[in-house]
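Colleague: Structure: work33.cif, mmCIF, C-alpha atoms; chains and numbers go by the auth columns.
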data_data
#
loop_
_atom_site.group_PDB
_atom_site.id
_atom_site.type_symbol
_atom_site.label_atom_id
_atom_site.label_comp_id
_atom_site.label_asym_id
_atom_site.label_seq_id
_atom_site.Cartn_x
_atom_site.Cartn_y
_atom_site.Cartn_z
_atom_site.B_iso_or_equiv
_atom_site.auth_seq_id
_atom_site.auth_asym_id
ATOM 1 C CA MET A 1 36.179 214.238 109.969 0.00 4 A
ATOM 2 C CA SER A 2 39.149 215.103 112.142 0.00 5 A
ATOM 3 C CA GLU A 3 42.196 212.845 111.864 0.00 6 A
ATOM 4 C CA LEU A 4 41.484 211.282 115.270 0.00 7 A
ATOM 5 C CA LEU A 5 37.834 210.606 114.472 0.00 8 A
ATOM 6 C CA ASP A 6 38.846 209.078 111.153 0.00 9 A
ATOM 7 C CA LEU A 7 41.320 206.787 112.976 0.00 10 A
ATOM 8 C CA ALA A 8 38.678 205.756 115.496 0.00 11 A
ATOM 9 C CA VAL A 9 35.995 205.069 112.890 0.00 12 A
ATOM 10 C CA LYS A 10 38.390 202.888 110.858 0.00 13 A
ATOM 11 C CA ALA A 11 39.500 201.011 113.996 0.00 14 A
ATOM 12 C CA HIS A 12 35.896 200.180 114.859 0.00 15 A
ATOM 13 C CA GLY A 13 35.132 198.747 111.432 0.00 16 A
ATOM 14 C CA GLY A 14 34.886 201.692 109.056 0.00 17 A
ATOM 15 C CA LEU A 15 32.101 203.978 107.946 0.00 18 A
ATOM 16 C CA ASP A 16 31.315 201.992 104.781 0.00 19 A
ATOM 17 C CA ARG A 17 30.486 198.905 106.844 0.00 20 A
ATOM 18 C CA TRP A 18 28.638 200.928 109.482 0.00 21 A
ATOM 19 C CA ASN A 19 26.437 202.645 106.908 0.00 22 A
ATOM 20 C CA LYS A 20 25.040 199.230 105.980 0.00 23 A
ATOM 21 C CA VAL A 21 23.891 198.625 109.568 0.00 24 A
ATOM 22 C CA LYS A 22 20.289 199.596 110.340 0.00 25 A
ATOM 23 C CA ALA A 23 20.002 198.284 113.893 0.00 26 A
ATOM 24 C CA ILE A 24 21.888 196.508 116.671 0.00 27 A
ATOM 25 C CA LYS A 25 20.417 193.711 118.762 0.00 28 A
ATOM 26 C CA VAL A 26 22.136 192.703 122.000 0.00 29 A
ATOM 27 C CA ALA A 27 21.322 189.657 124.109 0.00 30 A
ATOM 28 C CA ALA A 28 20.576 191.273 127.450 0.00 31 A
ATOM 29 C CA SER A 29 17.812 193.518 128.687 0.00 32 A
ATOM 30 C CA ILE A 30 18.675 195.574 125.586 0.00 33 A
ATOM 31 C CA THR A 31 16.896 194.219 122.536 0.00 34 A
ATOM 32 C CA GLY A 32 17.380 196.754 119.793 0.00 35 A
ATOM 33 C CA ALA A 33 18.778 200.122 118.824 0.00 36 A
ATOM 34 C CA GLU A 34 18.401 201.826 115.485 0.00 37 A
ATOM 35 C CA THR A 35 21.613 203.390 114.232 0.00 38 A
ATOM 36 C CA LYS A 36 20.292 206.267 112.130 0.00 39 A
ATOM 37 C CA LYS A 37 17.417 207.320 114.385 0.00 40 A
ATOM 38 C CA GLU A 38 17.496 207.770 118.153 0.00 41 A
ATOM 39 C CA HIS A 39 15.329 204.789 119.030 0.00 42 A
ATOM 40 C CA LEU A 40 15.882 201.973 121.516 0.00 43 A
ATOM 41 C CA THR A 41 13.771 199.059 122.744 0.00 44 A
ATOM 42 C CA VAL A 42 14.450 197.775 126.273 0.00 45 A
ATOM 43 C CA ASP A 43 13.022 194.572 127.747 0.00 46 A
ATOM 44 C CA PHE A 44 12.173 194.321 131.448 0.00 47 A
ATOM 45 C CA PRO A 45 13.248 190.757 132.306 0.00 48 A
ATOM 46 C CA ASP A 46 10.500 188.391 133.493 0.00 49 A
ATOM 47 C CA GLN A 47 7.863 191.146 133.501 0.00 50 A
ATOM 48 C CA ASP A 48 6.175 190.716 130.090 0.00 51 A
ATOM 49 C CA LYS A 49 6.997 194.358 129.527 0.00 52 A
ATOM 50 C CA ARG A 50 9.189 196.472 127.315 0.00 53 A
ATOM 51 C CA ALA A 51 9.860 200.164 126.813 0.00 54 A
ATOM 52 C CA VAL A 52 10.351 201.919 123.498 0.00 55 A
ATOM 53 C CA PHE A 53 12.567 204.977 123.845 0.00 56 A
ATOM 54 C CA GLU A 54 12.546 207.995 121.575 0.00 57 A
ATOM 55 C CA PRO A 55 13.823 211.399 122.766 0.00 58 A
ATOM 56 C CA ASP A 56 10.373 212.978 123.052 0.00 59 A
ATOM 57 C CA ARG A 57 8.253 209.968 124.005 0.00 60 A
ATOM 58 C CA ILE A 58 8.513 206.748 126.001 0.00 61 A
ATOM 59 C CA VAL A 59 6.000 203.980 125.298 0.00 62 A
ATOM 60 C CA LEU A 60 5.456 200.989 127.582 0.00 63 A
ATOM 61 C CA GLN A 61 4.201 197.817 125.921 0.00 64 A
ATOM 62 C CA THR A 62 3.659 194.167 126.724 0.00 65 A
ATOM 63 C CA ALA A 63 6.195 191.779 125.227 0.00 66 A
ATOM 64 C CA ASP A 64 3.934 191.237 122.204 0.00 67 A
ATOM 65 C CA GLY A 65 3.694 194.978 121.503 0.00 68 A
ATOM 66 C CA THR A 66 0.343 195.784 123.120 0.00 69 A
ATOM 67 C CA PHE A 67 0.207 199.399 124.306 0.00 70 A
ATOM 68 C CA VAL A 68 0.257 199.901 128.114 0.00 71 A
ATOM 69 C CA ASP A 69 1.130 203.533 128.775 0.00 72 A
ATOM 70 C CA ALA A 70 3.160 206.451 127.407 0.00 73 A
ATOM 71 C CA ARG A 71 4.889 209.622 128.568 0.00 74 A
ATOM 72 C CA ASP A 72 5.584 212.590 126.293 0.00 75 A
ATOM 73 C CA ASP A 73 8.586 214.883 126.872 0.00 76 A
ATOM 74 C CA PRO A 74 10.018 212.415 129.413 0.00 77 A
ATOM 75 C CA GLU A 75 13.114 214.508 130.142 0.00 78 A
ATOM 76 C CA ARG A 76 10.947 217.045 131.978 0.00 79 A
ATOM 77 C CA SER A 77 9.984 214.437 134.559 0.00 80 A
ATOM 78 C CA PHE A 78 13.523 214.638 135.971 0.00 81 A
ATOM 79 C CA GLU A 79 13.135 218.291 136.954 0.00 82 A
ATOM 80 C CA GLY A 80 13.487 218.736 140.700 0.00 83 A
ATOM 81 C CA GLN A 81 14.815 215.214 141.180 0.00 84 A
ATOM 82 C CA GLN A 82 16.952 214.588 144.262 0.00 85 A
ATOM 83 C CA ARG A 83 19.265 211.647 144.934 0.00 86 A
ATOM 84 C CA GLU A 84 16.548 210.039 147.078 0.00 87 A
ATOM 85 C CA THR A 85 13.723 210.588 144.573 0.00 88 A
ATOM 86 C CA PRO A 86 12.372 207.207 143.422 0.00 89 A
ATOM 87 C CA TRP A 87 12.218 206.454 139.701 0.00 90 A
ATOM 88 C CA ASP A 88 9.315 204.910 137.855 0.00 91 A
ATOM 89 C CA GLU A 89 9.577 202.774 134.728 0.00 92 A
ATOM 90 C CA PHE A 90 9.574 205.844 132.481 0.00 93 A
ATOM 91 C CA HIS A 91 12.561 207.340 134.278 0.00 94 A
ATOM 92 C CA VAL A 92 14.453 204.067 133.915 0.00 95 A
ATOM 93 C CA ALA A 93 13.582 203.745 130.225 0.00 96 A
ATOM 94 C CA TYR A 94 14.608 207.318 129.438 0.00 97 A
ATOM 95 C CA PHE A 95 17.972 207.069 131.197 0.00 98 A
ATOM 96 C CA VAL A 96 18.752 203.676 129.662 0.00 99 A
ATOM 97 C CA GLY A 97 17.618 204.867 126.238 0.00 100 A
ATOM 98 C CA GLU A 98 19.696 208.029 126.026 0.00 101 A
ATOM 99 C CA ALA A 99 22.737 206.246 127.482 0.00 102 A
ATOM 100 C CA LEU A 100 22.777 203.006 125.509 0.00 103 A
ATOM 101 C CA TRP A 101 21.864 204.555 122.176 0.00 104 A
ATOM 102 C CA THR A 102 24.958 206.766 122.502 0.00 105 A
ATOM 103 C CA TYR A 103 27.189 203.896 123.631 0.00 106 A
ATOM 104 C CA LEU A 104 26.124 201.490 120.887 0.00 107 A
ATOM 105 C CA ASN A 105 26.636 204.053 118.128 0.00 108 A
ATOM 106 C CA THR A 106 30.015 205.452 119.239 0.00 109 A
ATOM 107 C CA PRO A 107 32.225 206.537 117.451 0.00 110 A
ATOM 108 C CA PHE A 108 30.216 206.398 114.214 0.00 111 A
ATOM 109 C CA LEU A 109 27.607 208.682 115.754 0.00 112 A
ATOM 110 C CA TYR A 110 30.088 211.541 115.751 0.00 113 A
ATOM 111 C CA THR A 111 30.250 211.592 111.958 0.00 114 A
ATOM 112 C CA GLN A 112 26.584 212.553 111.665 0.00 115 A
ATOM 113 C CA GLU A 113 25.453 216.023 110.703 0.00 116 A
ATOM 114 C CA GLY A 114 25.399 218.512 113.549 0.00 117 A
ATOM 115 C CA PHE A 115 28.146 216.947 115.672 0.00 118 A
ATOM 116 C CA ILE A 116 31.208 219.103 116.337 0.00 119 A
ATOM 117 C CA THR A 117 34.475 217.346 117.178 0.00 120 A
ATOM 118 C CA GLU A 118 37.812 218.702 118.342 0.00 121 A
ATOM 119 C CA GLU A 119 40.949 216.849 119.418 0.00 122 A
ATOM 120 C CA ILE A 120 42.167 218.066 122.805 0.00 123 A
ATOM 121 C CA PRO A 121 45.429 217.256 124.663 0.00 124 A
ATOM 122 C CA SER A 122 46.085 213.559 125.168 0.00 125 A
ATOM 123 C CA ILE A 123 46.524 211.898 128.563 0.00 126 A
ATOM 124 C CA GLN A 124 48.712 209.096 129.908 0.00 127 A
ATOM 125 C CA VAL A 125 46.854 206.223 131.561 0.00 128 A
ATOM 126 C CA GLU A 126 48.755 203.208 132.886 0.00 129 A
ATOM 127 C CA GLY A 127 51.640 203.774 130.466 0.00 130 A
ATOM 128 C CA GLU A 128 49.423 204.197 127.417 0.00 131 A
ATOM 129 C CA THR A 129 48.709 207.402 125.509 0.00 132 A
ATOM 130 C CA TRP A 130 45.022 208.137 125.080 0.00 133 A
ATOM 131 C CA ARG A 131 44.082 210.702 122.469 0.00 134 A
ATOM 132 C CA ARG A 132 40.953 212.625 123.384 0.00 135 A
ATOM 133 C CA LEU A 133 38.125 213.845 121.199 0.00 136 A
ATOM 134 C CA LYS A 134 35.797 216.506 122.580 0.00 137 A
ATOM 135 C CA VAL A 135 32.366 216.048 121.042 0.00 138 A
ATOM 136 C CA THR A 136 29.563 218.610 121.065 0.00 139 A
ATOM 137 C CA PHE A 137 26.164 217.019 120.461 0.00 140 A
ATOM 138 C CA PRO A 138 23.467 218.752 118.401 0.00 141 A
ATOM 139 C CA ASP A 139 20.311 219.828 120.215 0.00 142 A
ATOM 140 C CA ASN A 140 18.183 217.191 118.485 0.00 143 A
ATOM 141 C CA VAL A 141 20.167 214.268 119.959 0.00 144 A
ATOM 142 C CA LYS A 142 19.439 213.427 123.587 0.00 145 A
ATOM 143 C CA SER A 143 22.398 212.078 125.530 0.00 146 A
ATOM 144 C CA HIS A 144 23.972 212.490 128.966 0.00 147 A
ATOM 145 C CA THR A 145 25.068 216.045 128.273 0.00 148 A
ATOM 146 C CA LYS A 146 25.837 218.285 125.310 0.00 149 A
ATOM 147 C CA GLU A 147 29.652 218.135 125.560 0.00 150 A
ATOM 148 C CA GLN A 148 31.410 214.788 126.100 0.00 151 A
ATOM 149 C CA ILE A 149 34.935 213.395 125.677 0.00 152 A
ATOM 150 C CA SER A 150 35.935 210.098 124.080 0.00 153 A
ATOM 151 C CA CYS A 151 39.424 208.713 124.793 0.00 154 A
ATOM 152 C CA PHE A 152 41.045 206.447 122.188 0.00 155 A
ATOM 153 C CA GLY A 153 44.082 204.184 122.550 0.00 156 A
ATOM 154 C CA PRO A 154 46.978 203.909 120.066 0.00 157 A
ATOM 155 C CA ASP A 155 44.958 201.305 118.134 0.00 158 A
ATOM 156 C CA GLY A 156 42.093 203.780 117.667 0.00 159 A
ATOM 157 C CA LEU A 157 39.674 201.849 119.877 0.00 160 A
ATOM 158 C CA LEU A 158 37.612 203.604 122.525 0.00 161 A
ATOM 159 C CA ARG A 159 39.126 203.221 125.984 0.00 162 A
ATOM 160 C CA ARG A 160 36.964 205.577 127.993 0.00 163 A
ATOM 161 C CA HIS A 161 33.989 207.875 127.597 0.00 164 A
ATOM 162 C CA ASP A 162 33.901 210.909 129.941 0.00 165 A
ATOM 163 C CA TYR A 163 30.782 212.938 130.696 0.00 166 A
ATOM 164 C CA THR A 164 28.409 214.432 133.214 0.00 167 A
ATOM 165 C CA VAL A 165 24.719 213.508 133.376 0.00 168 A
ATOM 166 C CA ASP A 166 22.332 216.456 133.163 0.00 169 A
ATOM 167 C CA ILE A 167 19.236 214.633 134.409 0.00 170 A
ATOM 168 C CA LEU A 168 21.190 213.494 137.484 0.00 171 A
ATOM 169 C CA GLY A 169 22.226 217.010 138.433 0.00 172 A
ATOM 170 C CA GLY A 170 25.606 216.871 136.687 0.00 173 A
ATOM 171 C CA ALA A 171 26.758 213.548 138.175 0.00 174 A
ATOM 172 C CA THR A 172 30.157 212.583 136.747 0.00 175 A
ATOM 173 C CA GLY A 173 31.009 209.457 134.768 0.00 176 A
ATOM 174 C CA LEU A 174 34.152 207.732 133.515 0.00 177 A
ATOM 175 C CA ASN A 175 32.836 204.950 131.278 0.00 178 A
ATOM 176 C CA TYR A 176 35.554 202.363 130.520 0.00 179 A
ATOM 177 C CA ALA A 177 35.096 200.220 127.389 0.00 180 A
ATOM 178 C CA SER A 178 36.805 196.833 126.965 0.00 181 A
ATOM 179 C CA GLY A 179 36.284 193.251 125.860 0.00 182 A
ATOM 180 C CA TYR A 180 36.230 194.088 122.157 0.00 183 A
ATOM 181 C CA ARG A 181 34.689 191.656 119.697 0.00 184 A
ATOM 182 C CA ASP A 182 34.414 191.615 115.916 0.00 185 A
ATOM 183 C CA VAL A 183 30.698 191.465 115.104 0.00 186 A
ATOM 184 C CA ASP A 184 30.282 191.005 111.376 0.00 187 A
ATOM 185 C CA GLY A 185 32.963 193.580 110.603 0.00 188 A
ATOM 186 C CA ILE A 186 32.153 196.081 113.363 0.00 189 A
ATOM 187 C CA ILE A 187 34.431 196.115 116.412 0.00 190 A
ATOM 188 C CA VAL A 188 32.333 196.530 119.556 0.00 191 A
ATOM 189 C CA PRO A 189 33.155 196.605 123.278 0.00 192 A
ATOM 190 C CA THR A 190 31.235 193.980 125.244 0.00 193 A
ATOM 191 C CA LYS A 191 32.053 195.379 128.664 0.00 194 A
ATOM 192 C CA ARG A 192 31.370 198.807 130.173 0.00 195 A
ATOM 193 C CA ARG A 193 32.318 199.894 133.681 0.00 196 A
ATOM 194 C CA VAL A 194 31.305 203.321 134.935 0.00 197 A
ATOM 195 C CA TYR A 195 32.832 205.199 137.860 0.00 198 A
ATOM 196 C CA ALA A 196 32.555 208.758 139.127 0.00 199 A
ATOM 197 C CA TYR A 197 35.366 211.257 138.811 0.00 200 A
ATOM 198 C CA GLU A 198 36.547 214.302 140.710 0.00 201 A
ATOM 199 C CA GLY A 199 38.364 217.429 139.535 0.00 202 A
ATOM 200 C CA ASP A 200 40.354 216.907 136.348 0.00 203 A
ATOM 201 C CA TYR A 201 38.923 213.464 135.516 0.00 204 A
ATOM 202 C CA GLN A 202 40.440 211.787 138.577 0.00 205 A
ATOM 203 C CA LEU A 203 38.931 208.327 138.993 0.00 206 A
ATOM 204 C CA VAL A 204 36.876 207.570 142.104 0.00 207 A
ATOM 205 C CA LYS A 205 37.342 203.785 142.351 0.00 208 A
ATOM 206 C CA GLU A 206 34.537 203.126 144.817 0.00 209 A
ATOM 207 C CA PRO A 207 31.750 202.514 144.236 0.00 210 A
ATOM 208 C CA LEU A 208 31.311 201.003 140.790 0.00 211 A
ATOM 209 C CA LEU A 209 28.286 202.906 139.479 0.00 212 A
ATOM 210 C CA VAL A 210 27.240 200.867 136.441 0.00 213 A
ATOM 211 C CA ALA A 211 28.339 197.544 134.938 0.00 214 A
ATOM 212 C CA ILE A 212 27.209 196.544 131.451 0.00 215 A
ATOM 213 C CA ASP A 213 28.045 193.154 129.953 0.00 216 A
ATOM 214 C CA MET A 214 26.810 192.430 126.464 0.00 217 A
ATOM 215 C CA GLY A 215 26.211 188.924 125.256 0.00 218 A
ATOM 216 C CA GLU A 216 25.382 187.901 121.705 0.00 219 A
ATOM 217 C CA THR A 217 25.298 190.938 119.431 0.00 220 A
ATOM 218 C CA ILE A 218 23.618 190.985 116.017 0.00 221 A
ATOM 219 C CA LEU A 219 23.874 193.656 113.334 0.00 222 A
ATOM 220 C CA VAL A 220 20.795 194.051 111.158 0.00 223 A
#
Translate the structure of the given file into structure tokens.

Modeller:
Amino acid sequence: MSELLDLAVKAHGGLDRWNKVKAIKVAASITGAETKKEHLTVDFPDQDKRAVFEPDRIVLQTADGTFVDARDDPERSFEGQQRETPWDEFHVAYFVGEALWTYLNTPFLYTQEGFITEEIPSIQVEGETWRRLKVTFPDNVKSHTKEQISCFGPDGLLRRHDYTVDILGGATGLNYASGYRDVDGIIVPTKRRVYAYEGDYQLVKEPLLVAIDMGETILV
């Protein structure tokens, strides 16, 4: 690992503790994410329905696990999408799956085989120095885009996650992480706020694109 990645991993609880975690359960519409395999289960509130995300297949089930429908190679269904194109449940499940699996596993994810990391010049944000790690994802891991940047504060904790979103035509995202909590030895952010950016990562304050608030979190 690079020195910055090592600092970040230790700040978030350490690789020894993380390697004992098999899954994360979050009290929200997110019910489970495996940590070693790209797999996420998402509940649709009050609909007796859930979606099981894997990179090459989305399965819709009832709450008790009864099969409803499935879509193979779900990423292809975004081809030709325009801003006005309506999404179905498979589109929602795929986007949520690739996004949240990355978020819940950062920064430990970057230590896995196939990831390439490089520290790039730091930035100053509101009087604080943020060190930046450019991360290149392997082809077998589906995420927003292949190359992303994670910004870490002096304490080694993630402050912001910068990326574009391929399936949304390269839409930009500055994903701010805060509200950290110690969950059985792993330090996790409970709040995510996502905004667009222009040019050289210049924040567009309006509108707020995505807000994620995580309640009770359980490590399995």

Colleague: From the options A:Gln85, A:Gln151, A:Thr114, A:Gln205, which residue's atoms come nearest to A:Leu171, counting all atoms listed in the file?

Modeller: A:Gln85

Colleague: Using Å and a single decimal, report how far atom CA of A:Ala199 sits from atom CA of A:Thr175.

Modeller: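 Answer for the atom CA of A:Thr175 to atom CA of A:Ala199 separation: 5.1 Å.
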
Colleague: Excluding A:Phe47 and residues on its chain fewer than 2 positions from it, collect all residues at most 12 Å away from it, counting all atoms listed in the file, and give them as a list in words.

Modeller: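 Listing them by chain and then by number gives Ala31, Ser32, Ile33, Thr34, Thr44, Val45, Asp49, Gln50, Asp51, Lys52, Arg53, Ala54, Val55, Leu63, Gln64, Thr65, Ala66, Glu92, Phe93, Val95, Ala96 and Val99 of chain A.
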
Colleague: Using C-alpha atoms, can you write the selected residues to a file as a compact mmCIF listing (two decimals), keeping the file's coordinate frame?

Modeller:
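Done, and the output landed in part14.txt:
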# COMPACT_ATOMS: atom_id res chain seq x y z
CA ALA A 31 20.58 191.27 127.45
CA SER A 32 17.81 193.52 128.69
CA ILE A 33 18.68 195.57 125.59
CA THR A 34 16.90 194.22 122.54
CA THR A 44 13.77 199.06 122.74
CA VAL A 45 14.45 197.78 126.27
CA ASP A 49 10.50 188.39 133.49
CA GLN A 50 7.86 191.15 133.50
CA ASP A 51 6.18 190.72 130.09
CA LYS A 52 7.00 194.36 129.53
CA ARG A 53 9.19 196.47 127.32
CA ALA A 54 9.86 200.16 126.81
CA VAL A 55 10.35 201.92 123.50
CA LEU A 63 5.46 200.99 127.58
CA GLN A 64 4.20 197.82 125.92
CA THR A 65 3.66 194.17 126.72
CA ALA A 66 6.20 191.78 125.23
CA GLU A 92 9.58 202.77 134.73
CA PHE A 93 9.57 205.84 132.48
CA VAL A 95 14.45 204.07 133.92
CA ALA A 96 13.58 203.74 130.22
CA VAL A 99 18.75 203.68 129.66

Colleague: Grab the atom CA of A:Val29 to atom CA of A:Thr109 distance for me, in Å with one decimal place.

Modeller: 15.2 Å

Colleague: Could you state which residues are captured by the PyMOL selection byres ((chain A and resi 110) around 8) in this file, as a PyMOL selection string?

Modeller: chain A and resi 8+11-12+15+108-109+111-114+161

Colleague: Please produce a file of the residues just selected, as a JSON list (two decimals), in the frame of the given file, where the atoms kept are C-alpha atoms.

Modeller:
[["chain", "number", "residue", "atom", "x", "y", "z"],
["A", 8, "LEU", "CA", 37.83, 210.61, 114.47],
["A", 11, "ALA", "CA", 38.68, 205.76, 115.50],
["A", 12, "VAL", "CA", 35.99, 205.07, 112.89],
["A", 15, "HIS", "CA", 35.90, 200.18, 114.86],
["A", 108, "ASN", "CA", 26.64, 204.05, 118.13],
["A", 109, "THR", "CA", 30.02, 205.45, 119.24],
["A", 111, "PHE", "CA", 30.22, 206.40, 114.21],
["A", 112, "LEU", "CA", 27.61, 208.68, 115.75],
["A", 113, "TYR", "CA", 30.09, 211.54, 115.75],
["A", 114, "THR", "CA", 30.25, 211.59, 111.96],
["A", 161, "LEU", "CA", 37.61, 203.60, 122.52]]

Colleague: List the neighbours of A:Ala14 out to 12 Å using only C-alpha atoms; skip same-chain residues closer than 4 positions along the sequence, and give me the result as a list in words.

Modeller: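 Surrounding residues, per the criterion: Leu7, Leu8, Asp9, Leu10, Leu18, Arg20, Trp21, Thr109, Pro110, Phe111, Phe155, Gly156, Pro157, Asp158, Gly159, Leu160, Leu161, Tyr183, Arg184, Asp185, Gly188, Ile189, Ile190 and Val191 of chain A.
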
Colleague: Which residue out of A:Pro58, A:Pro192, A:Pro141, A:Gly176 has the minimum interatomic distance to A:Thr220 when only C-alpha atoms are used?

Modeller: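 Distance minimum relative to A:Thr220 lands on A:Pro192.
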
Colleague: I need the output of the PyMOL selection byres ((chain A and resi 76) around 12) for this file as a ChimeraX atom specification; which residues are they?

Modeller: /A:56-62,73-75,77-82,93-94,97,145

Colleague: Under the rule that all atoms listed in the file are counted, which of A:Met4, A:Asp19, A:Val186, A:Arg196 is the nearest residue to A:Glu209?

Modeller: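 Among the listed residues, the smallest separation from A:Glu209 belongs to A:Arg196.
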
Colleague: Determine the nearest neighbour of A:Lys40 from the options A:Glu101, A:Glu201, A:Asp165, A:Glu131, counting only C-alpha atoms.

Modeller: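 Going through A:Glu101, A:Glu201, A:Asp165, A:Glu131 one by one, the smallest distance to A:Lys40 is for A:Glu101.
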
Colleague: Near A:Ser146, counting all atoms listed in the file, which residues have an atom at most 10 Å away, once you skip same-chain residues fewer than 6 positions from it, shown as a list of chain:residue names?

Modeller: A:Glu41, A:Pro58, A:Tyr97, A:Phe98, A:Gly100, A:Glu101, A:Ala102, A:Leu103, A:Trp104, A:Thr105, A:Tyr106, A:Phe140, A:Tyr166, A:Val168, A:Asp169, A:Ile170

Colleague: Using all atoms listed in the file, which of A:Gly202, A:Gly68, A:Gly117, A:Gly172 sits nearest A:Gly83?

Modeller: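 Of A:Gly202, A:Gly68, A:Gly117, A:Gly172, the one nearest A:Gly83, counting all atoms listed in the file, is A:Gly172.
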
Colleague: Once the PyMOL selection byres ((chain A and resi 38) around 6) has been evaluated on this model, what residues remain selected, and can you format them as an mmCIF file with C-alpha atoms, in the frame of the given file?

Modeller:
data_model
loop_
_atom_site.group_PDB
_atom_site.id
_atom_site.type_symbol
_atom_site.label_atom_id
_atom_site.label_comp_id
_atom_site.auth_asym_id
_atom_site.auth_seq_id
_atom_site.Cartn_x
_atom_site.Cartn_y
_atom_site.Cartn_z
ATOM 1 C CA LYS A 25 20.289 199.596 110.340
ATOM 2 C CA ALA A 26 20.002 198.284 113.893
ATOM 3 C CA GLU A 37 18.401 201.826 115.485
ATOM 4 C CA LYS A 39 20.292 206.267 112.130
ATOM 5 C CA LYS A 40 17.417 207.320 114.385
#

Colleague: Please indicate the distance in Å from atom CA of A:Ile221 to atom CA of A:Tyr179, rounded to one decimal place.

Modeller: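 According to the coordinates, atom CA of A:Ile221 and atom CA of A:Tyr179 are separated by 22.0 Å.
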
Colleague: Adding 6 Å on each side of the box along x, y and z that holds all listed atoms of stretch 119-136 of chain A, could you give its centre and edge lengths in Å to one decimal, as JSON?

Modeller:
{"center_x": 41.4, "center_y": 211.2, "center_z": 124.6, "size_x": 32.4, "size_y": 27.9, "size_z": 28.5}

Colleague: Counting all atoms listed in the file, find the residues whose atoms lie at most 10 Å from (40.4, 217.9, 123.3) (file coordinates) and write them out as number ranges by chain.

Modeller: A: 120-125, 134-138, 151-154

Colleague: Between A:Tyr200, A:Gln127, A:Pro210, A:His42, which one has atoms that come closest to A:Gly173, using only C-alpha atoms?

Modeller: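 Smallest distance to A:Gly173 is found for A:Tyr200.
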